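Taking it in order: structure first as structure tokens, then the write-up.
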Amino acid sequence: MRILAIESSCDETSAAVVCDGCRILSNIVSSQVDIHALYGGVVPELAARQHLEAGPLVVEQALQQAGVCLSDIEAVAVTQGPGLVGALLVGLSLAKGIAWGAGLPLVGVHHIEGHILAPLLERDLAFPFLALAVSGGHTHLYRVEGFGQYHLLGQTLDDAAGEAFDKVAKMCGLTYPGGALIDRLAAQGDGSRFALPRPMLQHEGFDFSFSGIKTAVLTLLKKQPELAQPPHLADLAASFQEAVVEVLSKKTFAAAHQHRLERIVVAGGVACNSGLRQRCLALAQQQGLEVVFPSPALCGDNAAMLAVAAEARLRRGAEGYRSFDARPVWPLEQVTRLSSGTP
């Protein structure tokens, strides 16, 4: 089964062609980073306009790179939510138009579902497993029993981890998006220099909070503005990253042990962070667990990841629909079993 997938939930316009839900024939991503960097963050209206311009182009490029025509496509998948409503509507409209015109089934996919199933594009992965979905908009822990079976164990109560990275970077005068810049600086710094808080780490349960760490950095910078400059900046970045990584990793592995799960998937944009990868791999080796990260190209927003869930749903007998709406707010645990085909 060849699926054409379209992603437009935030500031990346992407189209992909995936065969049998596991073999990527193409995965085109058009980034809007340069546009939003001028404003220090994503501007929703600009994002929607850029999706409108880039959408048809990335679809054409995806088909060409895959070496197929639209007549070779058997289904269309699209991000239904969550995300920026204007951005979602552009992608949905494009996907619906293609599906209607070509007489193809259309499957709406949850954005986080796409992220946590992305490793299946590169390897076999047995259920059940624990999934940490961590990005600029999401920090959630799920027990994943199978396709369409997601149980929320914990989530951020305020900022997502990636959002905290970008906000701290902005405080330090770094360009948007700042997460990767913080990561590079942290590699050169001393993560023990500044004692930053670890919110919620000692609390029962698996919820997160990152606003306190961000506020602690802001307080330091107000008292000592010179910390935003070399040679202090690398130590500040390392101390901040150390605090976030410790909270993420300890909560995640504690959840895996409590729920007796031997496999952990870490997915989403922040899964590219070198500190988080190193810490999780080290803990997995120490504790006899398996931790899986998608390759960097599949950590950020991309369309190929949507095809895994879409193919599974269609394979289980769902018909596909062409009349569903965008869901800018959509808890993953509301996603029903894929065999039901509910839009």
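To be explicit about the labels: the chains of the structure tokens are called A, B, and onward in the order shown, and within each one the residues are counted from 1, while ligands get numbers from 1 in the order they are shown.
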Which neighbours of Pro296 in chain A fall inside 10 Å, counting only C-alpha atoms, when residues of the same chain fewer than 3 positions from it are skipped, and could you give them as a PDB file with C-alpha atoms, in the first residue's frame?
```
ATOM      1  CA  ALA A 267      10.251  10.888  20.194  1.00  0.00           C
ATOM      2  CA  GLY A 268       9.610  14.456  19.079  1.00  0.00           C
ATOM      3  CA  GLY A 269      11.909  17.366  18.342  1.00  0.00           C
ATOM      4  CA  VAL A 270      13.651  17.344  21.749  1.00  0.00           C
ATOM      5  CA  ALA A 271      14.602  13.692  21.149  1.00  0.00           C
ATOM      6  CA  CYS A 272      17.422  15.166  19.020  1.00  0.00           C
ATOM      7  CA  ASN A 273      18.983  16.707  22.133  1.00  0.00           C
ATOM      8  CA  PHE A 293      15.160   7.106  19.397  1.00  0.00           C
ATOM      9  CA  CYS A 299      12.276  13.453  15.305  1.00  0.00           C
ATOM     10  CA  GLY A 300      11.115  16.789  13.924  1.00  0.00           C
TER      11      GLY A 300
END
```
Got a sec: who's within 12 Å of Pro128 in chain A, counting only C-alpha atoms, leaving out chain neighbours fewer than 5 positions off, as an NGL selection string? :A and (117 or 142-151 or 256 or 259-265)
Output C-alpha atoms for every residue in that selection, as a PDB file, in the first residue's frame.
```
ATOM      1  CA  LEU A 117       5.204   5.415  16.076  1.00  0.00           C
ATOM      2  CA  TYR A 142       2.208   7.212  27.496  1.00  0.00           C
ATOM      3  CA  ARG A 143       1.896   3.495  27.949  1.00  0.00           C
ATOM      4  CA  VAL A 144       1.476   2.202  24.383  1.00  0.00           C
ATOM      5  CA  GLU A 145      -0.316  -1.144  24.251  1.00  0.00           C
ATOM      6  CA  GLY A 146      -0.658  -1.281  20.477  1.00  0.00           C
ATOM      7  CA  PHE A 147      -1.862   0.723  17.489  1.00  0.00           C
ATOM      8  CA  GLY A 148      -4.507   3.129  18.735  1.00  0.00           C
ATOM      9  CA  GLN A 149      -4.110   2.079  22.384  1.00  0.00           C
ATOM     10  CA  TYR A 150      -2.505   4.941  24.304  1.00  0.00           C
ATOM     11  CA  HIS A 151      -2.768   5.509  28.052  1.00  0.00           C
ATOM     12  CA  ALA A 256       8.933   2.297  32.888  1.00  0.00           C
ATOM     13  CA  HIS A 259       4.572  -0.167  34.744  1.00  0.00           C
ATOM     14  CA  ARG A 260       6.996  -3.033  34.089  1.00  0.00           C
ATOM     15  CA  LEU A 261       7.853  -1.923  30.581  1.00  0.00           C
ATOM     16  CA  GLU A 262      11.155  -3.047  29.089  1.00  0.00           C
ATOM     17  CA  ARG A 263      11.129  -0.711  26.065  1.00  0.00           C
ATOM     18  CA  ILE A 264      11.116   3.085  25.961  1.00  0.00           C
ATOM     19  CA  VAL A 265      10.583   5.282  22.902  1.00  0.00           C
TER      20      VAL A 265
END
```
Based on the backbone DSSP call, show me all residues of range 110-259 of chain A assigned strand (DSSP E or B), as number ranges by chain. A: 110, 129-134, 139-146, 149-156, 208
Please give the complete set of residues from range 20-97 of chain A that DSSP, run on the backbone, assigns to helix (DSSP H, G or I), formatted as JSON, numbers by chain. {"A": [33, 34, 35, 36, 37, 44, 45, 46, 47, 48, 49, 50, 51, 52, 53, 54, 55, 56, 57, 58, 59, 60, 61, 62, 63, 64, 65, 66, 70, 71, 72, 85, 86, 87, 88, 89, 90, 91, 92, 93, 94, 95, 96, 97]}
Can you write just those residues out, N, CA and C atoms, as a short mmCIF file (atom, residue, chain, number, x, y, z; two decimals), in the first residue's frame?
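Saved to result-v6.cif:
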```
data_model
loop_
_atom_site.label_atom_id
_atom_site.label_comp_id
_atom_site.auth_asym_id
_atom_site.auth_seq_id
_atom_site.Cartn_x
_atom_site.Cartn_y
_atom_site.Cartn_z
N VAL A 33 11.60 28.21 9.35
CA VAL A 33 12.42 28.74 10.45
C VAL A 33 12.89 30.17 10.16
N ASP A 34 13.37 30.41 8.96
CA ASP A 34 13.91 31.74 8.64
C ASP A 34 12.85 32.83 8.78
N ILE A 35 11.62 32.50 8.44
CA ILE A 35 10.53 33.49 8.52
C ILE A 35 10.20 33.79 9.98
N HIS A 36 10.02 32.76 10.79
CA HIS A 36 9.59 32.97 12.17
C HIS A 36 10.73 33.44 13.07
N ALA A 37 11.98 33.20 12.64
CA ALA A 37 13.12 33.66 13.44
C ALA A 37 13.12 35.18 13.57
N PRO A 44 1.25 32.31 14.00
CA PRO A 44 0.28 31.38 13.41
C PRO A 44 -0.22 31.80 12.02
N GLU A 45 -0.54 33.07 11.83
CA GLU A 45 -1.07 33.50 10.52
C GLU A 45 -0.03 33.33 9.42
N LEU A 46 1.21 33.70 9.72
CA LEU A 46 2.28 33.52 8.74
C LEU A 46 2.49 32.04 8.43
N ALA A 47 2.41 31.21 9.46
CA ALA A 47 2.58 29.77 9.26
C ALA A 47 1.53 29.23 8.29
N ALA A 48 0.28 29.62 8.50
CA ALA A 48 -0.80 29.14 7.62
C ALA A 48 -0.58 29.60 6.18
N ARG A 49 -0.16 30.85 6.00
CA ARG A 49 0.09 31.36 4.65
C ARG A 49 1.20 30.59 3.96
N GLN A 50 2.26 30.29 4.71
CA GLN A 50 3.37 29.55 4.13
C GLN A 50 2.96 28.12 3.77
N HIS A 51 2.12 27.50 4.58
CA HIS A 51 1.62 26.17 4.24
C HIS A 51 0.82 26.22 2.93
N LEU A 52 0.07 27.29 2.77
CA LEU A 52 -0.75 27.44 1.56
C LEU A 52 0.13 27.50 0.31
N GLU A 53 1.26 28.18 0.43
CA GLU A 53 2.18 28.30 -0.71
C GLU A 53 2.98 27.02 -0.93
N ALA A 54 3.45 26.43 0.17
CA ALA A 54 4.39 25.31 0.05
C ALA A 54 3.70 23.96 -0.15
N GLY A 55 2.44 23.83 0.31
CA GLY A 55 1.78 22.53 0.29
C GLY A 55 1.77 21.83 -1.05
N PRO A 56 1.22 22.45 -2.10
CA PRO A 56 1.21 21.76 -3.40
C PRO A 56 2.60 21.44 -3.92
N LEU A 57 3.58 22.29 -3.61
CA LEU A 57 4.94 22.06 -4.08
C LEU A 57 5.57 20.84 -3.42
N VAL A 58 5.40 20.72 -2.10
CA VAL A 58 6.02 19.58 -1.43
C VAL A 58 5.34 18.27 -1.81
N VAL A 59 4.04 18.31 -2.08
CA VAL A 59 3.34 17.11 -2.55
C VAL A 59 3.91 16.67 -3.90
N GLU A 60 4.08 17.64 -4.80
CA GLU A 60 4.65 17.32 -6.12
C GLU A 60 6.06 16.76 -5.98
N GLN A 61 6.86 17.38 -5.12
CA GLN A 61 8.23 16.90 -4.91
C GLN A 61 8.26 15.51 -4.31
N ALA A 62 7.34 15.25 -3.38
CA ALA A 62 7.30 13.93 -2.75
C ALA A 62 6.96 12.84 -3.77
N LEU A 63 6.00 13.11 -4.64
CA LEU A 63 5.64 12.15 -5.68
C LEU A 63 6.80 11.92 -6.64
N GLN A 64 7.46 13.00 -7.05
CA GLN A 64 8.57 12.89 -7.99
C GLN A 64 9.73 12.10 -7.38
N GLN A 65 10.09 12.43 -6.14
CA GLN A 65 11.21 11.74 -5.50
C GLN A 65 10.91 10.26 -5.29
N ALA A 66 9.65 9.95 -5.02
CA ALA A 66 9.26 8.55 -4.83
C ALA A 66 9.16 7.79 -6.15
N LEU A 70 0.17 10.15 -8.96
CA LEU A 70 -0.97 10.12 -8.04
C LEU A 70 -1.81 8.87 -8.25
N SER A 71 -1.84 8.36 -9.48
CA SER A 71 -2.61 7.15 -9.75
C SER A 71 -2.03 5.91 -9.07
N ASP A 72 -0.77 6.00 -8.60
CA ASP A 72 -0.14 4.89 -7.89
C ASP A 72 -0.44 4.92 -6.38
N VAL A 85 -4.64 25.91 14.50
CA VAL A 85 -5.85 25.60 13.74
C VAL A 85 -5.74 26.04 12.28
N GLY A 86 -5.19 27.22 12.03
CA GLY A 86 -5.05 27.67 10.65
C GLY A 86 -4.13 26.78 9.84
N ALA A 87 -3.02 26.38 10.44
CA ALA A 87 -2.07 25.51 9.77
C ALA A 87 -2.70 24.14 9.47
N LEU A 88 -3.41 23.60 10.46
CA LEU A 88 -4.08 22.31 10.25
C LEU A 88 -5.09 22.37 9.12
N LEU A 89 -5.85 23.45 9.07
CA LEU A 89 -6.90 23.57 8.05
C LEU A 89 -6.31 23.60 6.64
N VAL A 90 -5.15 24.22 6.48
CA VAL A 90 -4.52 24.25 5.16
C VAL A 90 -4.14 22.85 4.72
N GLY A 91 -3.49 22.09 5.61
CA GLY A 91 -3.12 20.73 5.26
C GLY A 91 -4.31 19.83 5.02
N LEU A 92 -5.35 19.99 5.87
CA LEU A 92 -6.56 19.20 5.68
C LEU A 92 -7.24 19.49 4.35
N SER A 93 -7.32 20.76 4.00
CA SER A 93 -7.96 21.13 2.74
C SER A 93 -7.22 20.54 1.55
N LEU A 94 -5.90 20.59 1.59
CA LEU A 94 -5.10 20.02 0.52
C LEU A 94 -5.31 18.51 0.43
N ALA A 95 -5.26 17.84 1.58
CA ALA A 95 -5.43 16.39 1.60
C ALA A 95 -6.82 15.98 1.13
N LYS A 96 -7.84 16.71 1.59
CA LYS A 96 -9.21 16.40 1.18
C LYS A 96 -9.37 16.58 -0.32
N GLY A 97 -8.80 17.65 -0.86
CA GLY A 97 -8.91 17.88 -2.30
C GLY A 97 -8.28 16.75 -3.11
#
```
Considering only C-alpha atoms, return as a PDB file with C-alpha atoms, in the first residue's frame whatever protein or nucleic-acid residues lie within 8 Å of Leu196 in chain A, sequence-local ones (same chain, fewer than 5 positions apart) excluded.
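Printed below is around_9.pdb as written:
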```
ATOM      1  CA  ILE A 213      13.513  26.100  35.697  1.00  0.00           C
ATOM      2  CA  ALA A 216      15.203  30.440  37.765  1.00  0.00           C
ATOM      3  CA  VAL A 217      17.312  31.212  34.686  1.00  0.00           C
ATOM      4  CA  SER A 239      23.169  23.857  33.837  1.00  0.00           C
ATOM      5  CA  PHE A 240      19.736  24.466  32.311  1.00  0.00           C
ATOM      6  CA  ALA A 243      18.131  20.205  34.945  1.00  0.00           C
TER       7      ALA A 243
END
```
Restricting the calculation to only C-alpha atoms: of A:Thr215, A:Gln155, A:Ala237, A:Pro225, which residue gets closest to Asp190 in chain A? A:Ala237
Quick one: pull the distance between CA of Ala75 in chain A and CA of Ser30 in chain A, Å, one decimal.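 Straight-line distance from CA of Ala75 in chain A to CA of Ser30 in chain A works out to 22.1 Å.
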Env of Ile6 in chain A: 7 Å cut, atoms = only C-alpha atoms, seq-sep filter 2 positions within chain, self excluded. Answer as a list in words. Leu4, Ser8, Ser14, Ala15, Ala16, Ala77, Val78, Thr79, Gly91, Ala95 and Ala303 of chain A
Can you spit out the residues from that selection as a JSON list (two decimals), in the first residue's frame, using N, CA, C and O atoms?
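Saved result, again.json, follows:
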```
[["chain", "number", "residue", "atom", "x", "y", "z"],
["A", 4, "LEU", "N", 0.21, 8.59, 0.53],
["A", 4, "LEU", "CA", 0.69, 9.97, 0.46],
["A", 4, "LEU", "C", 0.29, 10.65, 1.76],
["A", 4, "LEU", "O", -0.89, 10.69, 2.11],
["A", 8, "SER", "N", 1.09, 19.52, 8.49],
["A", 8, "SER", "CA", 1.11, 20.99, 8.52],
["A", 8, "SER", "C", 0.64, 21.51, 9.87],
["A", 8, "SER", "O", -0.06, 22.52, 9.93],
["A", 14, "SER", "N", 5.17, 19.42, 5.13],
["A", 14, "SER", "CA", 5.83, 18.18, 4.72],
["A", 14, "SER", "C", 4.87, 17.27, 3.97],
["A", 14, "SER", "O", 3.68, 17.24, 4.24],
["A", 15, "ALA", "N", 5.43, 16.56, 3.01],
["A", 15, "ALA", "CA", 4.68, 15.52, 2.28],
["A", 15, "ALA", "C", 5.61, 14.33, 2.08],
["A", 15, "ALA", "O", 6.82, 14.50, 1.89],
["A", 16, "ALA", "N", 5.04, 13.14, 2.14],
["A", 16, "ALA", "CA", 5.84, 11.93, 2.03],
["A", 16, "ALA", "C", 5.04, 10.85, 1.31],
["A", 16, "ALA", "O", 3.81, 10.85, 1.33],
["A", 77, "ALA", "N", -2.98, 10.31, 3.96],
["A", 77, "ALA", "CA", -2.98, 10.54, 5.41],
["A", 77, "ALA", "C", -2.66, 12.00, 5.66],
["A", 77, "ALA", "O", -1.91, 12.62, 4.91],
["A", 78, "VAL", "N", -3.22, 12.56, 6.74],
["A", 78, "VAL", "CA", -3.00, 13.97, 7.04],
["A", 78, "VAL", "C", -3.08, 14.18, 8.55],
["A", 78, "VAL", "O", -3.80, 13.47, 9.25],
["A", 79, "THR", "N", -2.31, 15.15, 9.04],
["A", 79, "THR", "CA", -2.40, 15.51, 10.45],
["A", 79, "THR", "C", -3.75, 16.17, 10.71],
["A", 79, "THR", "O", -4.04, 17.22, 10.14],
["A", 91, "GLY", "N", -3.49, 22.09, 5.61],
["A", 91, "GLY", "CA", -3.12, 20.73, 5.26],
["A", 91, "GLY", "C", -4.31, 19.83, 5.02],
["A", 91, "GLY", "O", -4.32, 19.02, 4.08],
["A", 95, "ALA", "N", -5.26, 17.84, 1.58],
["A", 95, "ALA", "CA", -5.43, 16.39, 1.60],
["A", 95, "ALA", "C", -6.82, 15.98, 1.13],
["A", 95, "ALA", "O", -6.98, 15.00, 0.39],
["A", 303, "ALA", "N", 6.06, 14.26, 7.47],
["A", 303, "ALA", "CA", 4.84, 13.58, 7.04],
["A", 303, "ALA", "C", 4.96, 12.07, 7.07],
["A", 303, "ALA", "O", 3.96, 11.36, 7.28]]
```
Which of these residues is nearest to Gly103 in chain A, using only C-alpha atoms: A:Asp124, A:Asp11, A:Asp183, A:Glu74?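 Among the listed residues, the smallest separation from Gly103 in chain A belongs to A:Glu74.
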Computed gap from CA of Val266 in chain A to CA of Glu311 in chain A is 21.8 Å
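Among the candidate residues A:Leu106, A:Arg23, A:Ala238, A:Lys223, the one lying nearest to Arg123 in chain A is A:Arg23, with distances computed using only C-alpha atoms.
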So which residues touch range 134-140 of chain A within 10 Å, counting only C-alpha atoms, skipping near sequence neighbours fewer than 3 positions away, as a ChimeraX atom specification? /A:10,82-83,112,115-116,131,152-166,177,179,206-210,248,252,266-272,299-301,332
Give me, please, the distance in Å between CA of Leu220 in chain A and CA of Leu181 in chain A, quoted to one decimal.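 CA of Leu181 in chain A lies at a distance of 19.4 Å from CA of Leu220 in chain A.
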Could you check which of A:Ala169, A:Ala126, A:Val76, A:Leu38 is closest to Gly101 in chain A, using only C-alpha atoms? A:Val76
Return the single residue from A:Gly41, A:Gly275, A:Gly21, A:Gly288 that is closest to Ala180 in chain A, with distances computed using only C-alpha atoms.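 Of the candidates, the smallest distance to Ala180 in chain A is held by A:Gly275.
Using only C-alpha atoms, the shortest contact distance between Leu276 in chain A and any of A:Val291, A:Val109, A:Leu227, A:Leu233 is found at A:Val291.
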